[in-house]
file my_file21.pdb (PDB, C-alpha atoms and all ligand atoms)
ATOM      1  CA  MET A 192     -21.341 -18.037  -0.364
ATOM      2  CA  GLN A 193     -17.792 -16.855  -0.999
ATOM      3  CA  PHE A 194     -16.252 -14.336   1.364
ATOM      4  CA  SER A 195     -13.947 -11.598   0.102
ATOM      5  CA  PRO A 196     -10.869 -10.551   2.130
ATOM      6  CA  PHE A 197     -12.489  -7.208   3.044
ATOM      7  CA  LEU A 198     -14.084  -6.451   6.393
ATOM      8  CA  LYS A 199     -17.757  -5.651   6.534
ATOM      9  CA  VAL A 200     -17.396  -2.182   8.017
ATOM     10  CA  GLU A 201     -18.367   1.297   6.907
ATOM     11  CA  VAL A 202     -16.457   2.273   3.744
ATOM     12  CA  PRO A 203     -15.203   5.863   4.006
ATOM     13  CA  VAL A 204     -15.116   7.840   0.741
ATOM     14  CA  THR A 205     -12.460  10.553   0.659
ATOM     15  CA  PHE A 206     -10.575  12.999  -1.535
ATOM     16  CA  LYS A 207      -7.869  13.348   1.093
ATOM     17  CA  ASP A 208      -6.134   9.963   1.246
ATOM     18  CA  GLN A 209      -4.960  10.149  -2.346
ATOM     19  CA  PRO A 210      -5.043  13.904  -2.889
ATOM     20  CA  GLY A 211      -7.448  14.900  -5.662
ATOM     21  CA  VAL A 212      -8.750  11.393  -6.359
ATOM     22  CA  GLN A 213     -12.139  10.163  -5.169
ATOM     23  CA  SER A 214     -11.213   7.050  -3.186
ATOM     24  CA  ALA A 215     -12.938   4.474  -1.013
ATOM     25  CA  LEU A 216     -11.297   2.566   1.827
ATOM     26  CA  PHE A 217     -11.629  -1.144   2.373
ATOM     27  CA  TYR A 218      -9.966  -2.996   5.229
ATOM     28  CA  THR A 219      -8.480  -6.455   5.521
ATOM     29  CA  ASP A 220      -8.711  -7.895   9.047
ATOM     30  CA  ILE A 221      -7.703  -4.952  11.229
ATOM     31  CA  ARG A 222      -6.526  -7.288  14.000
ATOM     32  CA  VAL A 223      -3.903  -8.915  11.774
ATOM     33  CA  CYS A 224      -0.611  -7.022  11.800
ATOM     34  CA  ASN A 225       3.012  -7.936  12.501
ATOM     35  CA  LEU A 226       3.691  -4.602  14.253
ATOM     36  CA  ASN A 227       2.046  -3.147  17.311
ATOM     37  CA  CYS A 228       2.620   0.546  16.775
ATOM     38  CA  TYR A 229       2.319   3.185  19.452
ATOM     39  CA  GLN A 230      -1.369   4.051  19.754
ATOM     40  CA  CYS A 231      -2.468   2.259  16.565
ATOM     41  CA  HIS A 232      -5.828   3.817  15.724
ATOM     42  CA  ASN A 233      -7.130   1.040  13.515
ATOM     43  CA  ARG A 234      -6.601  -1.715  16.028
ATOM     44  CA  LYS A 235      -7.696   0.262  19.081
ATOM     45  CA  SER A 236     -10.930   1.478  17.549
ATOM     46  CA  TYR A 237     -12.106  -1.764  15.907
ATOM     47  CA  ARG A 238     -14.782  -3.561  17.901
ATOM     48  CA  GLY A 239     -16.229  -5.816  15.167
ATOM     49  CA  SER A 240     -16.274  -9.593  14.865
ATOM     50  CA  GLY A 241     -14.110  -9.823  11.736
ATOM     51  CA  GLU A 242     -17.067 -10.506   9.401
ATOM     52  CA  LYS A 243     -16.158 -10.056   5.722
ATOM     53  CA  TYR A 244     -18.168  -8.902   2.681
ATOM     54  CA  THR A 245     -19.266 -11.704   0.418
ATOM     55  CA  TYR A 246     -18.300 -11.136  -3.221
ATOM     56  CA  GLU A 247     -21.950 -10.487  -3.985
ATOM     57  CA  GLU A 248     -22.147  -7.767  -1.343
ATOM     58  CA  LEU A 249     -18.809  -6.387  -2.459
ATOM     59  CA  SER A 250     -20.035  -6.181  -6.029
ATOM     60  CA  GLU A 251     -23.108  -4.166  -4.976
ATOM     61  CA  LYS A 252     -20.973  -1.895  -2.804
ATOM     62  CA  LEU A 253     -18.559  -1.243  -5.684
ATOM     63  CA  GLU A 254     -21.386  -0.334  -8.060
ATOM     64  CA  MET A 255     -22.655   2.180  -5.508
ATOM     65  CA  LEU A 256     -19.178   3.632  -5.083
ATOM     66  CA  ARG A 257     -18.810   3.919  -8.836
ATOM     67  CA  LEU A 258     -21.989   6.031  -8.921
ATOM     68  CA  LEU A 259     -20.401   8.283  -6.285
ATOM     69  CA  GLY A 260     -17.458   8.863  -8.623
ATOM     70  CA  VAL A 261     -14.961   6.626  -6.817
ATOM     71  CA  GLU A 262     -12.002   5.739  -9.067
ATOM     72  CA  LEU A 263      -9.531   4.340  -6.579
ATOM     73  CA  ILE A 264      -9.978   1.618  -3.952
ATOM     74  CA  ILE A 265      -7.548   1.885  -1.061
ATOM     75  CA  VAL A 266      -6.916  -1.360   0.779
ATOM     76  CA  SER A 267      -5.847  -0.824   4.369
ATOM     77  CA  GLY A 268      -5.674  -3.041   7.468
ATOM     78  CA  GLY A 269      -4.167  -4.393   9.770
ATOM     79  CA  GLU A 270      -1.421  -5.247   7.396
ATOM     80  CA  PRO A 271      -3.024  -6.181   4.045
ATOM     81  CA  THR A 272       0.015  -8.115   2.786
ATOM     82  CA  LEU A 273      -0.596 -10.694   5.539
ATOM     83  CA  GLU A 274      -4.116 -11.429   4.251
ATOM     84  CA  LYS A 275      -4.145 -14.840   2.523
ATOM     85  CA  LYS A 276      -6.964 -13.964   0.113
ATOM     86  CA  LEU A 277      -5.551 -10.559  -0.799
ATOM     87  CA  ARG A 278      -4.701 -11.522  -4.402
ATOM     88  CA  GLU A 279      -8.162 -12.913  -5.008
ATOM     89  CA  GLY A 280      -9.716  -9.694  -3.651
ATOM     90  CA  LEU A 281      -7.438  -7.483  -5.751
ATOM     91  CA  GLU A 282      -8.228  -9.463  -8.910
ATOM     92  CA  PHE A 283     -11.915  -8.864  -8.208
ATOM     93  CA  LEU A 284     -11.415  -5.105  -7.765
ATOM     94  CA  LYS A 285      -9.345  -4.873 -10.948
ATOM     95  CA  LYS A 286     -11.899  -6.863 -12.944
ATOM     96  CA  LYS A 287     -14.508  -4.350 -11.823
ATOM     97  CA  GLY A 288     -12.361  -1.642 -13.393
ATOM     98  CA  PHE A 289     -11.048   0.140 -10.285
ATOM     99  CA  LYS A 290      -7.559   1.419  -9.639
ATOM    100  CA  VAL A 291      -6.131  -0.045  -6.438
ATOM    101  CA  ARG A 292      -3.717   1.261  -3.828
ATOM    102  CA  ILE A 293      -2.484  -0.795  -0.876
ATOM    103  CA  ASP A 294      -1.571   0.810   2.433
ATOM    104  CA  THR A 295       1.274  -1.170   3.971
ATOM    105  CA  ASN A 296       3.785  -0.998   6.790
ATOM    106  CA  GLY A 297       6.407  -2.096   4.260
ATOM    107  CA  THR A 298       7.595  -5.253   6.026
ATOM    108  CA  ASN A 299       6.693  -7.665   3.210
ATOM    109  CA  PRO A 300       8.853  -6.655   0.222
ATOM    110  CA  GLU A 301       8.482 -10.086  -1.454
ATOM    111  CA  ILE A 302       4.685  -9.816  -1.648
ATOM    112  CA  ILE A 303       4.871  -6.209  -2.767
ATOM    113  CA  ARG A 304       7.169  -7.189  -5.632
ATOM    114  CA  GLU A 305       4.839 -10.031  -6.667
ATOM    115  CA  LEU A 306       1.743  -7.815  -6.652
ATOM    116  CA  ILE A 307       3.544  -5.327  -8.893
ATOM    117  CA  GLU A 308       4.703  -8.056 -11.275
ATOM    118  CA  GLU A 309       1.171  -9.472 -11.441
ATOM    119  CA  GLU A 310      -0.210  -5.972 -12.207
ATOM    120  CA  LEU A 311      -2.702  -6.177  -9.367
ATOM    121  CA  VAL A 312      -1.945  -2.728  -7.945
ATOM    122  CA  ASP A 313      -1.605   0.874  -9.095
ATOM    123  CA  GLY A 314       0.329   2.060  -6.090
ATOM    124  CA  PHE A 315       1.306   1.649  -2.460
ATOM    125  CA  ALA A 316       1.175   3.957   0.520
ATOM    126  CA  VAL A 317       4.201   2.803   2.511
ATOM    127  CA  ASP A 318       4.667   3.856   6.121
ATOM    128  CA  ILE A 319       8.217   4.818   6.981
ATOM    129  CA  LYS A 320       7.922   5.038  10.724
ATOM    130  CA  ILE A 321      11.552   5.645  11.726
ATOM    131  CA  PRO A 322      14.726   6.801   9.907
ATOM    132  CA  LEU A 323      16.130   4.033   7.698
ATOM    133  CA  LEU A 324      19.859   4.366   8.323
ATOM    134  CA  GLU A 325      22.327   2.915   5.833
ATOM    135  CA  ASN A 326      24.182   1.184   8.643
ATOM    136  CA  THR A 327      21.961  -0.048  11.480
ATOM    137  CA  GLU A 328      24.943   0.016  13.867
ATOM    138  CA  ASN A 329      24.642   3.787  13.809
ATOM    139  CA  TYR A 330      21.404   3.853  15.815
ATOM    140  CA  THR A 331      22.069   5.008  19.370
ATOM    141  CA  PRO A 332      20.661   3.004  22.330
ATOM    142  CA  GLU A 333      18.427   5.970  23.121
ATOM    143  CA  GLN A 334      17.052   5.985  19.566
ATOM    144  CA  LEU A 335      16.491   2.244  19.648
ATOM    145  CA  ARG A 336      14.458   2.565  22.839
ATOM    146  CA  ARG A 337      12.198   5.170  21.251
ATOM    147  CA  PHE A 338      11.878   3.236  17.993
ATOM    148  CA  LYS A 339      10.909   0.060  19.836
ATOM    149  CA  THR A 340       8.093   1.979  21.463
ATOM    150  CA  ILE A 341       6.975   3.392  18.097
ATOM    151  CA  LEU A 342       6.950  -0.021  16.395
ATOM    152  CA  TYR A 343       6.060  -2.398  19.228
ATOM    153  CA  SER A 344       4.663  -0.216  22.037
ATOM    154  CA  LYS A 345       7.311  -1.576  24.427
ATOM    155  CA  THR A 346      11.060  -1.360  24.963
ATOM    156  CA  ASP A 347      11.926  -4.971  25.835
ATOM    157  CA  VAL A 348      12.362  -6.002  22.204
ATOM    158  CA  ASP A 349      15.586  -7.353  20.659
ATOM    159  CA  ASP A 350      17.571  -4.780  18.685
ATOM    160  CA  GLU A 351      17.612  -7.337  15.853
ATOM    161  CA  LYS A 352      13.882  -6.900  15.414
ATOM    162  CA  ILE A 353      14.359  -3.198  14.708
ATOM    163  CA  PHE A 354      17.269  -3.902  12.335
ATOM    164  CA  ASN A 355      15.174  -6.490  10.501
ATOM    165  CA  TYR A 356      12.282  -3.996  10.196
ATOM    166  CA  VAL A 357      14.676  -1.406   8.768
ATOM    167  CA  GLU A 358      16.172  -3.787   6.193
ATOM    168  CA  ARG A 359      12.759  -4.978   5.020
ATOM    169  CA  VAL A 360      11.285  -1.480   4.712
ATOM    170  CA  LYS A 361      14.385  -0.335   2.831
ATOM    171  CA  ARG A 362      13.822  -3.135   0.304
ATOM    172  CA  THR A 363      10.138  -2.245  -0.032
ATOM    173  CA  LYS A 364      11.024   1.403  -0.491
ATOM    174  CA  GLN A 365      13.396   0.554  -3.334
ATOM    175  CA  ILE A 366      10.892  -1.782  -5.039
ATOM    176  CA  VAL A 367       8.123   0.831  -4.815
ATOM    177  CA  GLU A 368      10.401   3.616  -6.082
ATOM    178  CA  GLU A 369      11.482   1.500  -9.044
ATOM    179  CA  SER A 370       7.894   0.495  -9.867
ATOM    180  CA  GLY A 371       6.996   4.064 -10.926
ATOM    181  CA  LEU A 372       3.320   3.331 -10.175
ATOM    182  CA  PRO A 373       1.074   6.417 -10.274
ATOM    183  CA  TYR A 374      -0.439   6.155  -6.784
ATOM    184  CA  ASN A 375       2.732   5.563  -4.781
ATOM    185  CA  ILE A 376       3.225   7.598  -1.649
ATOM    186  CA  PHE A 377       5.455   7.337   1.452
ATOM    187  CA  ARG A 378       4.034   8.416   4.779
ATOM    188  CA  THR A 379       5.349   9.158   8.241
ATOM    189  CA  VAL A 380       3.356   9.885  11.374
ATOM    190  CA  ARG A 381       4.712  12.736  13.466
ATOM    191  CA  TYR A 382       4.926  10.545  16.584
ATOM    192  CA  PRO A 383       5.806  12.518  19.723
ATOM    193  CA  LEU A 384       8.642   9.980  20.092
ATOM    194  CA  LEU A 385      10.281  11.122  16.827
ATOM    195  CA  ARG A 386      12.694  14.055  16.834
ATOM    196  CA  GLU A 387      12.281  16.820  14.254
ATOM    197  CA  SER A 388      15.754  16.010  12.853
ATOM    198  CA  GLU A 389      14.698  12.363  12.387
ATOM    199  CA  LEU A 390      11.566  13.394  10.477
ATOM    200  CA  GLN A 391      13.749  15.587   8.319
ATOM    201  CA  SER A 392      16.184  12.765   7.613
ATOM    202  CA  ILE A 393      13.289  10.491   6.563
ATOM    203  CA  SER A 394      12.053  13.175   4.147
ATOM    204  CA  GLU A 395      15.526  13.752   2.741
ATOM    205  CA  ASN A 396      15.886  10.032   2.115
ATOM    206  CA  VAL A 397      12.762   9.995  -0.084
ATOM    207  CA  LYS A 398      13.324  11.328  -3.568
ATOM    208  CA  SER A 399      11.203  10.051  -6.436
ATOM    209  CA  VAL A 400       7.935   9.415  -4.554
ATOM    210  CA  PRO A 401       5.878  12.032  -2.655
ATOM    211  CA  HIS A 402       6.386  11.961   1.129
ATOM    212  CA  GLN A 403       3.543  12.941   3.419
ATOM    213  CA  ILE A 404       4.038  13.712   7.107
ATOM    214  CA  ASN A 405       0.788  13.069   8.956
ATOM    215  CA  PRO A 406      -0.173  14.529  12.322
ATOM    216  CA  PHE A 407      -0.263  12.264  15.351
ATOM    217  CA  TYR A 408      -3.630  11.977  17.083
ATOM    218  CA  PRO A 409      -3.661  10.258  20.462
ATOM    219  CA  VAL A 410      -6.143   7.428  20.654
ATOM    220  CA  GLU A 411      -9.151   8.172  22.802
ATOM    221  CA  GLU A 412      -9.512   5.364  25.282
ATOM    222  CA  GLN A 413     -12.788   3.514  24.799
ATOM    223  CA  GLU A 414     -14.853   1.769  27.411
TER     224      GLU A 414
HETATM  225  S1  LIG B 501       1.413  -1.095  11.033
HETATM  226 FE1  LIG B 501      -0.516   0.035  10.950
HETATM  227  S2  LIG B 501      -2.094  -1.437  11.549
HETATM  228 FE2  LIG B 501      -0.121  -2.329  12.133
HETATM  229  S3  LIG B 501       0.111  -1.739  14.281
HETATM  230 FE3  LIG B 501       1.155  -0.203  13.013
HETATM  231  S4  LIG B 501      -0.363   1.446  12.705
HETATM  232 FE4  LIG B 501      -1.454  -0.400  13.405
END

call {"tool": "encode", "arguments": {"input": "my_file21.pdb", "output": "structure tokens"}}
result
Amino acid sequence: MQFSPFLKVEVPVTFKDQPGVQSALFYTDIRVCNLNCYQCHNRKSYRGSGEKYTYEELSEKLEMLRLLGVELIIVSGGEPTLEKKLREGLEFLKKKGFKVRIDTNGTNPEIIRELIEEELVDGFAVDIKIPLLENTENYTPEQLRRFKTILYSKTDVDDEKIFNYVERVKRTKQIVEESGLPYNIFRTVRYPLLRESELQSISENVKSVPHQINPFYPVEEQE
């Protein structure tokens, strides 16, 4: 019995995630991510054991989704680019005739480039969580404190970690822009820790790909 890289959890079907396209959401292991964002919904709400769909189960699920008119499979996480069997899973989805979008935090530009070159994806939703300044020396200490909380939920993090995040997301952004894939989108959460002017500067820095600003919903603490 071969396991796919996708978690065995409820698969939401939505028109909203990729506006106007009937999409279904699959998740790689939600617990696997290289960031620890402020009030991460996915990680805080997941209570499962990490069990994955077998390819047989996945195949049945996909046939059902096809009957519901689903055209696009959105792969979310965790951070999907950290999933070792991601390629194998994407090949399976493509062979079944679905379009595929990957939701990523943008910190793995090398993998993103490879997936584009291998024609395994039709787009990426890339989170741009903080302004990506040309020169990282221009961040103020006060900004860095807030950005550390947004990305790592704490302030005792080396500045270098933030600079490294910025450089990697900038590279991803450029690769995704140049790819011209039809389902590309950049997204920013309106974190209470982000200033309005910072949100504006993120938007202004995004040209050829749609930019969506999503509301921030505090996580309800669970027992
Ligand atoms: S990148 Fe996404 S999954 Fe990872 S901690 Fe941030 S919000 Fe959660």

call {"tool": "residues_near_ligand", "arguments": {"input": "my_file21.pdb", "ligand": "ligand LIG 501 (chain B)", "cutoff": "10 Å", "atoms": "only C-alpha atoms and all ligand atoms", "output": "ChimeraX atom specification"}}
result
/A:220-235,267-271,294-298,317-320,341-344,380

call {"tool": "atom_distance", "arguments": {"input": "my_file21.pdb", "atom1": "atom CA of A:Glu395", "atom2": "atom CA of A:Phe377"}}
result
12.0 Å

call {"tool": "residues_around", "arguments": {"input": "my_file21.pdb", "residues": "A:Arg381", "least_positions_apart": "5", "cutoff": "7 Å", "atoms": "only C-alpha atoms", "output": "PyMOL selection string"}}
result
chain A and resi 404-407

call {"tool": "resolve_selection", "arguments": {"input": "my_file21.pdb", "expression": "the PyMOL selection byres (((chain A and resi 360-362) around 9) and not hetatm)", "output": "number ranges by chain"}}
result
A: 296-301, 317-319, 323, 355-359, 363-367

call {"tool": "atom_distance", "arguments": {"input": "my_file21.pdb", "atom1": "atom CA of A:Thr219", "atom2": "atom CA of A:Gly241"}}
result
9.0 Å

call {"tool": "residues_around", "arguments": {"input": "my_file21.pdb", "residues": "A:Leu277", "least_positions_apart": "5", "cutoff": "9 Å", "atoms": "only C-alpha atoms", "output": "list in words"}}
result
Ser195, Pro196, Phe197, Thr219, Pro271, Thr272 and Glu282 of chain A

call {"tool": "atom_distance", "arguments": {"input": "my_file21.pdb", "atom1": "atom CA of A:Glu328", "atom2": "atom CA of A:Lys352"}}
result
13.1 Å

call {"tool": "closest_residue", "arguments": {"input": "my_file21.pdb", "among": "A:Tyr244, A:Phe206, A:Phe283, A:Tyr330", "to": "A:Ile353", "atoms": "all atoms listed in the file"}}
result
A:Tyr330

call {"tool": "resolve_selection", "arguments": {"input": "my_file21.pdb", "expression": "the PyMOL selection byres (((chain A and resi 373) around 8) and not hetatm)", "output": "tab-separated table (two decimals) with C-alpha atoms, keeping the file's coordinate frame"}}
result
chain	number	residue	atom	x	y	z
A	313	ASP	CA	-1.60	0.87	-9.10
A	314	GLY	CA	0.33	2.06	-6.09
A	371	GLY	CA	7.00	4.06	-10.93
A	372	LEU	CA	3.32	3.33	-10.18
A	374	TYR	CA	-0.44	6.16	-6.78
A	375	ASN	CA	2.73	5.56	-4.78

call {"tool": "build_atoms", "arguments": {"input": "my_file21.pdb", "residues": "stretch 273-300 of chain A", "atoms": "N, CA and C atoms", "output": "JSON list (two decimals), in the frame of the given file"}}
result
[["chain", "number", "residue", "atom", "x", "y", "z"],
["A", 273, "LEU", "N", -0.52, -9.44, 4.77],
["A", 273, "LEU", "CA", -0.60, -10.69, 5.54],
["A", 273, "LEU", "C", -1.91, -11.44, 5.28],
["A", 274, "GLU", "N", -2.81, -10.82, 4.53],
["A", 274, "GLU", "CA", -4.12, -11.43, 4.25],
["A", 274, "GLU", "C", -3.97, -12.48, 3.14],
["A", 275, "LYS", "N", -4.36, -13.73, 3.47],
["A", 275, "LYS", "CA", -4.14, -14.84, 2.52],
["A", 275, "LYS", "C", -4.94, -14.68, 1.23],
["A", 276, "LYS", "N", -6.14, -14.09, 1.32],
["A", 276, "LYS", "CA", -6.96, -13.96, 0.11],
["A", 276, "LYS", "C", -6.80, -12.60, -0.57],
["A", 277, "LEU", "N", -5.71, -11.92, -0.25],
["A", 277, "LEU", "CA", -5.55, -10.56, -0.80],
["A", 277, "LEU", "C", -5.57, -10.56, -2.33],
["A", 278, "ARG", "N", -4.78, -11.46, -2.93],
["A", 278, "ARG", "CA", -4.70, -11.52, -4.40],
["A", 278, "ARG", "C", -6.07, -11.67, -5.03],
["A", 279, "GLU", "N", -6.81, -12.64, -4.50],
["A", 279, "GLU", "CA", -8.16, -12.91, -5.01],
["A", 279, "GLU", "C", -9.02, -11.63, -4.94],
["A", 280, "GLY", "N", -8.94, -10.93, -3.82],
["A", 280, "GLY", "CA", -9.72, -9.69, -3.65],
["A", 280, "GLY", "C", -9.27, -8.62, -4.63],
["A", 281, "LEU", "N", -7.96, -8.51, -4.84],
["A", 281, "LEU", "CA", -7.44, -7.48, -5.75],
["A", 281, "LEU", "C", -7.86, -7.79, -7.19],
["A", 282, "GLU", "N", -7.80, -9.08, -7.55],
["A", 282, "GLU", "CA", -8.23, -9.46, -8.91],
["A", 282, "GLU", "C", -9.68, -9.05, -9.13],
["A", 283, "PHE", "N", -10.50, -9.23, -8.11],
["A", 283, "PHE", "CA", -11.92, -8.86, -8.21],
["A", 283, "PHE", "C", -12.07, -7.34, -8.42],
["A", 284, "LEU", "N", -11.33, -6.57, -7.64],
["A", 284, "LEU", "CA", -11.42, -5.11, -7.76],
["A", 284, "LEU", "C", -10.96, -4.65, -9.15],
["A", 285, "LYS", "N", -9.86, -5.26, -9.63],
["A", 285, "LYS", "CA", -9.35, -4.87, -10.95],
["A", 285, "LYS", "C", -10.32, -5.25, -12.06],
["A", 286, "LYS", "N", -10.93, -6.44, -11.92],
["A", 286, "LYS", "CA", -11.90, -6.86, -12.94],
["A", 286, "LYS", "C", -13.08, -5.91, -13.00],
["A", 287, "LYS", "N", -13.40, -5.32, -11.88],
["A", 287, "LYS", "CA", -14.51, -4.35, -11.82],
["A", 287, "LYS", "C", -14.08, -2.98, -12.36],
["A", 288, "GLY", "N", -12.82, -2.86, -12.73],
["A", 288, "GLY", "CA", -12.36, -1.64, -13.39],
["A", 288, "GLY", "C", -11.85, -0.55, -12.47],
["A", 289, "PHE", "N", -11.56, -0.89, -11.19],
["A", 289, "PHE", "CA", -11.05, 0.14, -10.28],
["A", 289, "PHE", "C", -9.52, 0.14, -10.24],
["A", 290, "LYS", "N", -8.98, 1.33, -9.99],
["A", 290, "LYS", "CA", -7.56, 1.42, -9.64],
["A", 290, "LYS", "C", -7.45, 1.00, -8.18],
["A", 291, "VAL", "N", -6.29, 0.46, -7.80],
["A", 291, "VAL", "CA", -6.13, -0.04, -6.44],
["A", 291, "VAL", "C", -4.82, 0.44, -5.83],
["A", 292, "ARG", "N", -4.93, 0.94, -4.60],
["A", 292, "ARG", "CA", -3.72, 1.26, -3.83],
["A", 292, "ARG", "C", -3.73, 0.44, -2.55],
["A", 293, "ILE", "N", -2.57, -0.04, -2.13],
["A", 293, "ILE", "CA", -2.48, -0.80, -0.88],
["A", 293, "ILE", "C", -1.70, 0.02, 0.15],
["A", 294, "ASP", "N", -2.27, 0.13, 1.34],
["A", 294, "ASP", "CA", -1.57, 0.81, 2.43],
["A", 294, "ASP", "C", -0.83, -0.25, 3.25],
["A", 295, "THR", "N", 0.48, -0.12, 3.34],
["A", 295, "THR", "CA", 1.27, -1.17, 3.97],
["A", 295, "THR", "C", 2.31, -0.60, 4.92],
["A", 296, "ASN", "N", 2.69, -1.42, 5.90],
["A", 296, "ASN", "CA", 3.78, -1.00, 6.79],
["A", 296, "ASN", "C", 5.15, -1.33, 6.18],
["A", 297, "GLY", "N", 5.15, -1.92, 5.01],
["A", 297, "GLY", "CA", 6.41, -2.10, 4.26],
["A", 297, "GLY", "C", 7.25, -3.29, 4.66],
["A", 298, "THR", "N", 6.75, -4.16, 5.53],
["A", 298, "THR", "CA", 7.60, -5.25, 6.03],
["A", 298, "THR", "C", 7.54, -6.51, 5.17],
["A", 299, "ASN", "N", 6.80, -6.47, 4.08],
["A", 299, "ASN", "CA", 6.69, -7.66, 3.21],
["A", 299, "ASN", "C", 7.13, -7.37, 1.77],
["A", 300, "PRO", "N", 8.42, -7.05, 1.57],
["A", 300, "PRO", "CA", 8.85, -6.66, 0.22],
["A", 300, "PRO", "C", 8.59, -7.72, -0.84]]
